[in-house]
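**Student:** So here's structure.tsv (TSV, C-alpha atoms).
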```
chain	number	residue	atom	x	y	z
C	1	MET	CA	34.65	46.28	8.75
C	2	ASP	CA	31.40	47.35	10.33
C	3	ALA	CA	28.33	47.88	8.22
C	4	PRO	CA	27.43	51.54	8.61
C	5	HIS	CA	23.83	52.39	9.20
C	6	THR	CA	22.78	54.21	6.08
C	7	GLY	CA	19.73	55.92	7.53
C	8	GLU	CA	17.35	53.98	5.31
C	9	GLY	CA	14.77	51.95	7.16
C	10	ALA	CA	13.96	51.98	10.84
C	11	ASN	CA	16.55	52.47	13.55
C	12	ILE	CA	16.54	51.33	17.16
C	13	GLY	CA	19.22	53.28	18.98
C	14	LYS	CA	21.55	51.91	21.61
C	15	SER	CA	19.66	53.39	24.56
C	16	VAL	CA	16.36	51.83	23.47
C	17	VAL	CA	14.96	48.71	25.15
C	18	ILE	CA	12.07	46.85	23.56
C	19	LYS	CA	10.28	43.77	24.84
C	20	GLY	CA	7.71	42.19	22.58
C	21	GLU	CA	7.09	41.38	18.95
C	22	LEU	CA	8.56	43.51	16.16
C	23	SER	CA	7.39	43.18	12.59
C	24	GLY	CA	7.79	45.47	9.61
C	25	SER	CA	8.04	45.98	5.89
C	26	GLU	CA	11.27	47.93	5.80
C	27	ASP	CA	14.88	47.32	6.80
C	28	LEU	CA	15.62	47.50	10.52
C	29	TYR	CA	18.83	48.46	12.31
C	30	VAL	CA	18.99	47.44	15.97
C	31	ASP	CA	21.74	48.92	18.11
C	32	GLY	CA	19.78	48.66	21.35
C	33	ASN	CA	18.16	45.86	23.33
C	34	VAL	CA	15.32	43.82	21.89
C	35	GLU	CA	13.74	40.84	23.59
C	36	GLY	CA	10.93	38.84	21.99
C	37	LYS	CA	10.50	38.24	18.28
C	38	ILE	CA	11.51	40.09	15.09
C	39	GLU	CA	9.87	39.42	11.76
C	40	LEU	CA	10.84	41.30	8.58
C	41	ARG	CA	9.80	38.95	5.83
C	42	ASN	CA	11.29	40.64	2.78
C	43	HIS	CA	13.75	42.97	4.41
C	44	ARG	CA	17.08	43.16	6.12
C	45	LEU	CA	17.78	43.10	9.84
C	46	THR	CA	21.10	44.52	11.03
C	47	VAL	CA	22.18	44.06	14.63
C	48	GLY	CA	24.67	46.87	15.27
C	49	PRO	CA	27.83	46.57	17.38
C	50	ASN	CA	25.97	47.66	20.50
C	51	GLY	CA	22.91	45.59	19.71
C	52	ASN	CA	21.77	42.91	22.13
C	53	VAL	CA	18.92	40.86	20.73
C	54	LYS	CA	17.25	37.99	22.53
C	55	ALA	CA	14.69	37.01	19.97
C	56	ASP	CA	13.77	34.57	17.27
C	57	VAL	CA	14.48	36.40	14.04
C	58	SER	CA	12.96	35.98	10.60
C	59	ALA	CA	14.04	38.20	7.70
C	60	LYS	CA	15.26	38.17	4.12
C	61	SER	CA	18.82	38.83	5.23
C	62	VAL	CA	20.42	39.26	8.63
C	63	VAL	CA	23.68	41.04	9.40
C	64	ILE	CA	25.02	40.65	12.94
C	65	GLN	CA	27.74	42.77	14.50
C	66	GLY	CA	26.58	42.57	18.12
C	67	LYS	CA	24.94	39.88	20.25
C	68	LEU	CA	22.02	37.73	19.26
C	69	GLU	CA	20.46	34.91	21.24
C	70	GLY	CA	17.70	33.03	19.44
C	71	THR	CA	16.99	31.29	16.18
C	72	VAL	CA	17.82	33.07	12.93
C	73	ASN	CA	15.82	32.29	9.83
C	74	ALA	CA	16.94	34.24	6.76
C	75	SER	CA	15.40	33.43	3.41
C	76	GLU	CA	18.51	34.67	1.57
C	77	ARG	CA	21.64	35.38	3.57
C	78	VAL	CA	23.24	35.69	6.99
C	79	GLU	CA	26.43	37.65	7.67
C	80	LEU	CA	28.34	37.36	10.94
C	81	ARG	CA	30.82	40.18	11.33
C	82	LYS	CA	33.98	39.78	13.43
C	83	SER	CA	32.34	41.12	16.60
C	84	ALA	CA	29.24	38.92	16.27
C	85	VAL	CA	28.29	36.65	19.16
C	86	VAL	CA	25.43	34.38	18.23
C	87	ALA	CA	23.83	31.66	20.34
C	88	GLY	CA	21.11	29.90	18.40
C	89	ASP	CA	20.37	27.94	15.28
C	90	VAL	CA	20.80	29.57	11.89
C	91	THR	CA	18.79	28.54	8.86
C	92	THR	CA	19.52	30.27	5.57
C	93	GLN	CA	20.58	29.79	1.96
C	94	ARG	CA	23.98	31.46	2.36
C	95	ILE	CA	26.14	32.36	5.32
C	96	ALA	CA	29.25	34.52	5.48
C	97	MET	CA	31.44	34.85	8.55
C	98	GLU	CA	34.34	37.07	9.41
C	99	GLU	CA	37.29	35.76	11.38
C	100	GLY	CA	36.52	36.22	15.07
C	101	ALA	CA	32.77	35.74	14.84
C	102	PHE	CA	31.42	33.41	17.52
C	103	LEU	CA	28.56	31.00	16.89
C	104	LYS	CA	27.08	28.46	19.26
C	105	GLY	CA	24.41	26.55	17.44
C	106	LYS	CA	23.42	24.79	14.27
C	107	VAL	CA	23.93	26.01	10.73
C	108	ASP	CA	21.44	24.55	8.30
C	109	ILE	CA	21.85	25.60	4.68
C	110	GLN	CA	18.60	25.46	2.76
C	111	ARG	CA	19.39	25.12	-0.90
C	112	GLU	CA	17.42	26.76	-3.64
C	113	ALA	CA	16.04	24.15	-6.00
C	114	GLY	CA	18.83	23.11	-8.37
C	115	LYS	CA	21.47	25.37	-6.81
C	116	ALA	CA	24.35	24.77	-4.46
C	117	ALA	CA	24.58	27.29	-1.64
C	118	PRO	CA	27.92	27.16	0.12
C	119	ALA	CA	29.00	29.28	3.03
C	120	SER	CA	31.47	31.97	2.00
X	1	MET	CA	38.83	34.34	6.33
X	2	LYS	CA	38.59	36.83	3.53
X	3	PHE	CA	35.31	38.59	3.78
X	4	PHE	CA	35.85	41.99	2.24
X	5	ARG	CA	38.39	41.36	-0.46
X	6	SER	CA	38.75	45.01	-1.31
X	7	SER	CA	39.87	45.94	2.19
X	8	SER	CA	43.16	47.83	2.20
X	9	ASN	CA	43.76	47.60	5.94
X	10	GLN	CA	47.27	46.11	5.91
X	11	ASP	CA	47.60	46.21	9.71
X	12	ALA	CA	44.59	43.97	10.06
X	13	VAL	CA	46.03	41.54	7.54
X	14	ALA	CA	49.38	41.45	9.32
X	15	ALA	CA	47.65	40.75	12.64
X	16	VAL	CA	46.14	37.50	11.39
X	17	PRO	CA	48.10	34.65	12.99
X	18	GLN	CA	50.14	32.38	10.74
X	19	LYS	CA	48.36	29.25	9.61
X	20	LEU	CA	50.05	25.88	9.17
X	21	THR	CA	48.70	22.79	7.47
X	22	ARG	CA	48.73	19.12	8.38
X	23	ARG	CA	47.41	15.98	6.78
X	24	SER	CA	44.90	14.15	8.96
X	25	SER	CA	44.24	10.44	8.58
X	26	GLY	CA	41.34	10.67	11.01
X	27	MET	CA	39.71	13.45	9.04
X	28	GLY	CA	40.24	11.36	5.91
X	29	GLU	CA	38.19	8.54	7.42
X	30	ILE	CA	35.47	10.95	8.50
X	31	SER	CA	35.39	12.45	5.01
X	32	ARG	CA	34.71	9.01	3.58
X	33	LEU	CA	31.73	8.69	5.93
X	34	LEU	CA	30.50	12.17	4.96
X	35	LYS	CA	30.78	11.27	1.29
X	36	SER	CA	28.87	8.00	1.65
X	37	GLN	CA	25.85	9.47	3.46
X	38	GLU	CA	23.71	12.60	3.36
X	39	GLY	CA	22.22	14.79	6.05
X	40	LEU	CA	24.60	13.82	8.83
X	41	CYS	CA	24.82	15.89	12.02
X	42	VAL	CA	28.36	17.14	12.72
X	43	LEU	CA	29.36	18.73	16.03
X	44	ASP	CA	32.47	20.93	15.78
X	45	MET	CA	33.84	21.68	19.23
X	46	GLY	CA	36.58	24.04	18.13
X	47	SER	CA	36.46	27.78	17.68
X	48	THR	CA	33.84	28.88	15.18
X	49	SER	CA	35.26	28.21	11.72
X	50	ALA	CA	33.74	29.41	8.47
X	51	SER	CA	35.87	26.84	6.62
X	52	ASN	CA	34.39	23.99	8.60
X	53	ILE	CA	30.84	25.24	8.21
X	54	ARG	CA	31.42	25.55	4.47
X	55	PHE	CA	33.00	22.10	4.28
X	56	PHE	CA	30.15	20.31	6.05
X	57	THR	CA	27.12	22.26	4.87
X	58	GLY	CA	28.48	22.28	1.32
X	59	ARG	CA	28.29	18.48	1.39
X	60	GLY	CA	24.69	18.51	2.57
X	61	HIS	CA	25.32	17.96	6.28
X	62	LYS	CA	24.23	19.95	9.32
X	63	ASN	CA	26.97	21.72	11.25
X	64	TYR	CA	26.74	22.44	14.97
X	65	SER	CA	29.36	24.73	16.49
X	66	GLU	CA	30.14	24.76	20.19
X	67	ASP	CA	33.46	26.15	21.40
X	68	LEU	CA	33.81	24.17	24.62
X	69	LEU	CA	37.32	25.34	25.49
X	70	ARG	CA	36.20	28.96	25.46
X	71	SER	CA	33.05	28.08	27.41
X	72	SER	CA	35.09	26.24	30.04
X	73	LEU	CA	36.98	29.47	30.80
X	74	ASP	CA	33.81	31.26	31.89
X	75	PRO	CA	34.60	32.83	35.30
X	76	ALA	CA	31.05	32.03	36.42
X	77	LEU	CA	32.03	28.34	36.49
X	78	ARG	CA	34.73	28.90	39.12
X	79	ILE	CA	33.74	27.75	42.59
X	80	GLN	CA	35.53	26.67	45.74
X	81	ASP	CA	35.46	23.15	47.12
X	82	SER	CA	35.09	22.39	50.82
X	83	ALA	CA	38.86	22.82	51.30
X	84	GLY	CA	38.76	26.26	49.72
X	85	ASN	CA	40.46	25.21	46.49
X	86	ALA	CA	39.32	26.85	43.26
X	87	ILE	CA	37.64	24.30	40.99
X	88	VAL	CA	35.41	24.33	37.95
X	89	ASP	CA	31.77	23.44	38.48
X	90	SER	CA	31.40	20.54	36.05
X	91	LYS	CA	27.68	20.17	36.76
X	92	LYS	CA	26.96	23.77	35.85
X	93	PHE	CA	29.23	23.44	32.82
X	94	LEU	CA	27.21	20.52	31.48
X	95	ASP	CA	23.93	22.23	32.36
X	96	GLU	CA	24.95	25.05	30.02
X	97	ASN	CA	26.86	23.18	27.31
X	98	LEU	CA	26.41	20.11	25.13
X	99	VAL	CA	22.67	20.24	25.80
X	100	TYR	CA	21.25	18.05	23.02
X	101	THR	CA	18.89	15.15	22.72
X	102	ASN	CA	20.45	11.72	23.04
X	103	SER	CA	21.87	9.99	19.95
X	104	LYS	CA	21.90	13.14	17.82
X	105	PHE	CA	25.35	13.36	16.25
X	106	ASP	CA	26.99	11.22	13.59
X	107	VAL	CA	30.35	12.98	13.84
X	108	VAL	CA	32.00	14.85	16.71
X	109	LEU	CA	35.19	16.83	16.19
X	110	CYS	CA	36.90	17.21	19.56
X	111	TRP	CA	40.18	18.39	18.05
X	112	ASN	CA	42.67	19.02	20.89
X	113	LEU	CA	40.06	19.84	23.52
X	114	PRO	CA	40.99	17.11	26.08
X	115	ASP	CA	44.62	18.27	26.19
X	116	TYR	CA	43.69	21.86	27.03
X	117	MET	CA	40.51	21.52	29.03
X	118	GLU	CA	40.41	21.68	32.81
X	119	GLU	CA	41.05	18.21	34.24
X	120	SER	CA	37.75	17.96	36.12
X	121	LEU	CA	35.75	18.61	32.94
X	122	VAL	CA	37.34	16.07	30.61
X	123	LYS	CA	35.68	12.83	31.72
X	124	PRO	CA	32.20	14.34	32.26
X	125	THR	CA	32.45	15.92	28.80
X	126	ILE	CA	33.41	12.65	27.12
X	127	ASP	CA	30.58	10.89	28.96
X	128	ARG	CA	28.13	13.52	27.72
X	129	LEU	CA	29.45	13.12	24.18
X	130	TRP	CA	28.81	9.39	24.38
X	131	SER	CA	25.18	10.20	25.19
X	132	VAL	CA	24.62	12.66	22.37
X	133	MET	CA	26.33	10.55	19.69
X	134	LYS	CA	24.56	7.99	17.59
X	135	PRO	CA	25.72	4.38	17.84
X	136	GLY	CA	28.34	3.97	15.11
X	137	GLY	CA	29.11	7.69	15.13
X	138	TYR	CA	32.71	8.91	14.78
X	139	LEU	CA	34.64	11.10	17.21
X	140	LEU	CA	38.01	12.61	16.29
X	141	ALA	CA	40.42	13.91	18.93
X	142	PHE	CA	44.07	14.95	18.90
X	143	PHE	CA	46.50	14.30	21.76
X	144	HIS	CA	50.10	15.31	22.29
X	145	THR	CA	52.45	12.31	22.30
X	146	ARG	CA	54.94	13.96	24.64
X	147	ASP	CA	54.97	16.86	27.03
X	148	ALA	CA	55.49	19.93	24.93
X	149	GLY	CA	55.41	22.19	27.97
X	150	PRO	CA	52.53	24.27	29.25
X	151	ASP	CA	53.26	27.02	26.73
X	152	SER	CA	52.96	24.81	23.67
X	153	THR	CA	50.86	26.45	20.99
X	154	CYS	CA	47.18	25.64	21.06
X	155	TYR	CA	45.70	25.40	17.57
X	156	ARG	CA	42.25	25.55	16.10
X	157	TYR	CA	41.63	23.44	13.03
X	158	HIS	CA	40.01	24.41	9.76
X	159	VAL	CA	39.08	21.63	7.35
X	160	THR	CA	40.34	22.65	3.92
X	161	ASP	CA	40.10	19.33	2.10
X	162	THR	CA	39.04	15.78	2.76
X	163	ASP	CA	42.17	14.97	4.77
X	164	MET	CA	43.85	18.35	5.06
X	165	LEU	CA	43.62	20.74	7.99
X	166	GLU	CA	44.78	24.29	8.42
X	167	MET	CA	46.09	25.05	11.90
X	168	GLN	CA	45.71	28.48	13.41
X	169	GLU	CA	46.98	29.54	16.80
X	170	VAL	CA	44.15	30.22	19.20
X	171	LYS	CA	44.30	32.80	21.97
X	172	PHE	CA	41.76	33.79	24.58
X	173	ALA	CA	41.58	36.54	27.15
X	174	ALA	CA	42.00	34.84	30.52
X	175	PRO	CA	39.13	35.18	33.01
X	176	GLY	CA	39.21	38.61	34.56
X	177	ARG	CA	41.69	39.96	32.01
X	178	PRO	CA	40.91	42.59	29.37
X	179	ALA	CA	39.96	41.36	25.90
X	180	SER	CA	43.19	42.82	24.51
X	181	ASP	CA	45.31	40.61	26.79
X	182	LYS	CA	44.96	37.32	24.96
X	183	GLN	CA	47.03	34.23	25.65
X	184	SER	CA	47.22	30.76	24.22
X	185	PRO	CA	45.49	28.20	26.47
X	186	ARG	CA	47.90	26.10	28.51
X	187	LEU	CA	48.49	22.43	27.79
X	188	GLN	CA	47.01	20.77	30.88
X	189	ARG	CA	48.46	17.28	30.61
X	190	VAL	CA	49.68	14.56	28.24
X	191	PHE	CA	47.57	11.43	27.95
X	192	ASN	CA	49.30	8.13	27.23
X	193	ASN	CA	47.58	5.40	25.24
X	194	ARG	CA	46.21	3.71	28.35
X	195	HIS	CA	44.71	6.98	29.61
X	196	ILE	CA	43.06	7.53	26.25
X	197	GLU	CA	41.64	4.01	26.17
X	198	THR	CA	40.26	4.53	29.68
X	199	LEU	CA	38.78	7.87	28.70
X	200	PHE	CA	36.88	6.28	25.82
X	201	ARG	CA	36.22	2.90	27.42
X	202	ASP	CA	32.45	3.14	26.88
X	203	PHE	CA	32.90	3.51	23.14
X	204	ALA	CA	32.81	0.58	20.71
X	205	SER	CA	36.27	0.93	19.18
X	206	ILE	CA	39.30	3.19	19.11
X	207	LYS	CA	41.95	3.70	16.44
X	208	PHE	CA	45.25	5.57	16.81
X	209	PHE	CA	47.09	7.44	14.06
X	210	LEU	CA	50.59	8.66	14.79
X	211	ALA	CA	51.85	11.74	13.01
X	212	ARG	CA	55.23	13.39	12.61
X	213	ASP	CA	54.28	16.48	14.56
X	214	ALA	CA	54.08	14.70	17.94
X	215	ILE	CA	50.31	14.59	17.72
X	216	ARG	CA	48.41	11.35	18.12
X	217	GLU	CA	45.09	11.31	16.27
X	218	VAL	CA	42.40	9.18	17.84
X	219	LEU	CA	39.32	8.09	15.93
X	220	VAL	CA	36.67	6.62	18.21
X	221	VAL	CA	33.49	4.85	17.18
X	222	ARG	CA	30.50	5.13	19.50
```
Write out the structure in this file as structure tokens.
**Tutor:**
Amino acid sequence: MDAPHTGEGANIGKSVVIKGELSGSEDLYVDGNVEGKIELRNHRLTVGPNGNVKADVSAKSVVIQGKLEGTVNASERVELRKSAVVAGDVTTQRIAMEEGAFLKGKVDIQREAGKAAPAS
Amino acid sequence: MKFFRSSSNQDAVAAVPQKLTRRSSGMGEISRLLKSQEGLCVLDMGSTSASNIRFFTGRGHKNYSEDLLRSSLDPALRIQDSAGNAIVDSKKFLDENLVYTNSKFDVVLCWNLPDYMEESLVKPTIDRLWSVMKPGGYLLAFFHTRDAGPDSTCYRYHVTDTDMLEMQEVKFAAPGRPASDKQSPRLQRVFNNRHIETLFRDFASIKFFLARDAIREVLVVR
């Protein structure tokens, strides 16, 4: 099931191409092309089914339906949907993957102090 | 894997290939290593598996995923030799895959990769694995014990318990074919014991486990 874009937060449409550094204090939905760096410290990044991101990503949570090449650092959670193609290392507290998701890289689970944090 | 438990899409559920289970003596030995140490680096060379990531990271280890069989089917790797025969460019393959620092991994899960991978890639891949494994590291590979025919089912393996694996048929779209036209990779050859020993001759030791399902498990120590 794809995560629908709810309209909350910023939206980068599928015809948009951005090269450079993106940072923000709201959720971001990327269905276009982004190359560079994305930093959303306390917010969610969603890479839509048409999204093609070549960037190191840092956010509270990251949901990937499209392509992402780069390191992913999520302070809370990463979700790889069935159409996700990810090449890069993932560091997070929790990771969820749908059947069919493709990952080439390392998964490093950072535990909260005193808590186990398994993948689901 | 169940991700959205409330989903009512029965067609999608029915389309999930049947999964079988098998007990694995080799995985049992690796599990003992994983239990005795913390923070090990595990390289899983099968299709991306949430079960495997959960199994290894849940025990405090780092999981690296690299689906080499799928990568080896990249049409961009196909070249022609001087006689005009289509071959796979092993140099380019290793420039793009298994690119790690030397002596990085404590455990490598090859699964059935050597049986299904293009002939010209097998030895260079094993040589590269020797380089990226730590001395004393474990490598687990599965080999057919007899020729099951080129259309024998190719499985991916999900670790469900310390010595228990779930087997799921794997299918890929062949190079140049649409994504909807998926086929199981073809069994390329059957290695006998001598071939396997030659393949891993640079490693410190090799142990064979025979199973009832005509699969020979091989546990190799770097």
**Student:** Would you write out, as a Markdown table, a table of all residues in chain X that have an atom no more than 6 Å from an atom of chain C, listing for each the closest atom pair and the distance in Å to one decimal, considering only C-alpha atoms and ordering rows by chain and rising residue number?
**Tutor:**
```
| residue | atom | partner | partner_atom | distance |
| --- | --- | --- | --- | --- |
| X:Met1 | CA | C:Glu99 | CA | 5.5 |
| X:Phe3 | CA | C:Glu98 | CA | 5.9 |
| X:Thr48 | CA | C:Phe102 | CA | 5.6 |
| X:Ala50 | CA | C:Met97 | CA | 5.9 |
| X:Arg54 | CA | C:Ala119 | CA | 4.7 |
| X:Gly58 | CA | C:Pro118 | CA | 5.1 |
| X:Lys62 | CA | C:Asp108 | CA | 5.5 |
| X:Asn63 | CA | C:Val107 | CA | 5.3 |
| X:Tyr64 | CA | C:Lys106 | CA | 4.1 |
| X:Ser65 | CA | C:Lys104 | CA | 5.2 |
| X:Glu66 | CA | C:Lys104 | CA | 4.9 |
```
**Student:** Can you list, as a PDB file with C-alpha atoms, in the frame of the given file, every protein, DNA or RNA residue that comes within 12 Å of C:Ser25 when you count only C-alpha atoms, leaving out same-chain residues fewer than 6 positions away?
**Tutor:**
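Once written, selection.pdb looks like this:
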```
ATOM      1  CA  GLY C   9      14.770  51.950   7.160  1.00  0.00           C
ATOM      2  CA  ALA C  10      13.960  51.980  10.840  1.00  0.00           C
ATOM      3  CA  ILE C  38      11.510  40.090  15.090  1.00  0.00           C
ATOM      4  CA  GLU C  39       9.870  39.420  11.760  1.00  0.00           C
ATOM      5  CA  LEU C  40      10.840  41.300   8.580  1.00  0.00           C
ATOM      6  CA  ARG C  41       9.800  38.950   5.830  1.00  0.00           C
ATOM      7  CA  ASN C  42      11.290  40.640   2.780  1.00  0.00           C
ATOM      8  CA  HIS C  43      13.750  42.970   4.410  1.00  0.00           C
ATOM      9  CA  ARG C  44      17.080  43.160   6.120  1.00  0.00           C
ATOM     10  CA  LEU C  45      17.780  43.100   9.840  1.00  0.00           C
ATOM     11  CA  ALA C  59      14.040  38.200   7.700  1.00  0.00           C
ATOM     12  CA  LYS C  60      15.260  38.170   4.120  1.00  0.00           C
TER      13      LYS C  60
END
```
**Student:** Applying 8 Å and only C-alpha atoms, which residues near stretch 213-222 of chain X remain after dropping the ones on its own chain fewer than 3 positions away? List them as a PyMOL selection string.
**Tutor:** chain X and resi 24-26+130+133-146+200+202-210
**Student:** Mind listing as a list in words all residues within 9 Å of (9.4, 43.9, 25.5), counting all atoms listed in the file?
**Tutor:**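 The residues near that point, listed by chain and number, are Val17, Ile18, Lys19, Gly20, Glu21, Val34, Glu35 and Gly36 of chain C.
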**Student:** Between atom CA of X:Gly46 and atom CA of X:Thr21, what is the distance, to one decimal in Å?
**Tutor:**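 Value for the atom CA of X:Gly46-atom CA of X:Thr21 distance: 16.2 Å.
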**Student:** So that I can check the surroundings of C:Gly51, please list as a list of chain:residue names every protein, DNA and RNA residue that reaches within 6 Å of it, counting only C-alpha atoms and ignoring chain neighbours fewer than 4 positions away.
**Tutor:**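 So, after excluding close chain neighbours, the residues are C:Val30, C:Asp31, C:Gly32, C:Asn33, C:Val47, C:Gly66.
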**Student:** Of the candidates X:Met27, X:Asp127, X:Asp81, X:Arg22, which one gets nearest to X:Arg212 if we count all atoms listed in the file?
**Tutor:**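 Ranked by minimum distance to X:Arg212, first place goes to X:Arg22.
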**Student:** Which value, in Å to one decimal, gives the distance between atom CA of C:Val72 and atom CA of C:Ser58?
**Tutor:**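 One can read the atom CA of C:Val72 to atom CA of C:Ser58 distance as 6.1 Å.
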**Student:** Expressed in Å to a single decimal, how great is the separation between atom CA of X:Asn52 and atom CA of X:Thr160?
**Tutor:** 7.7 Å
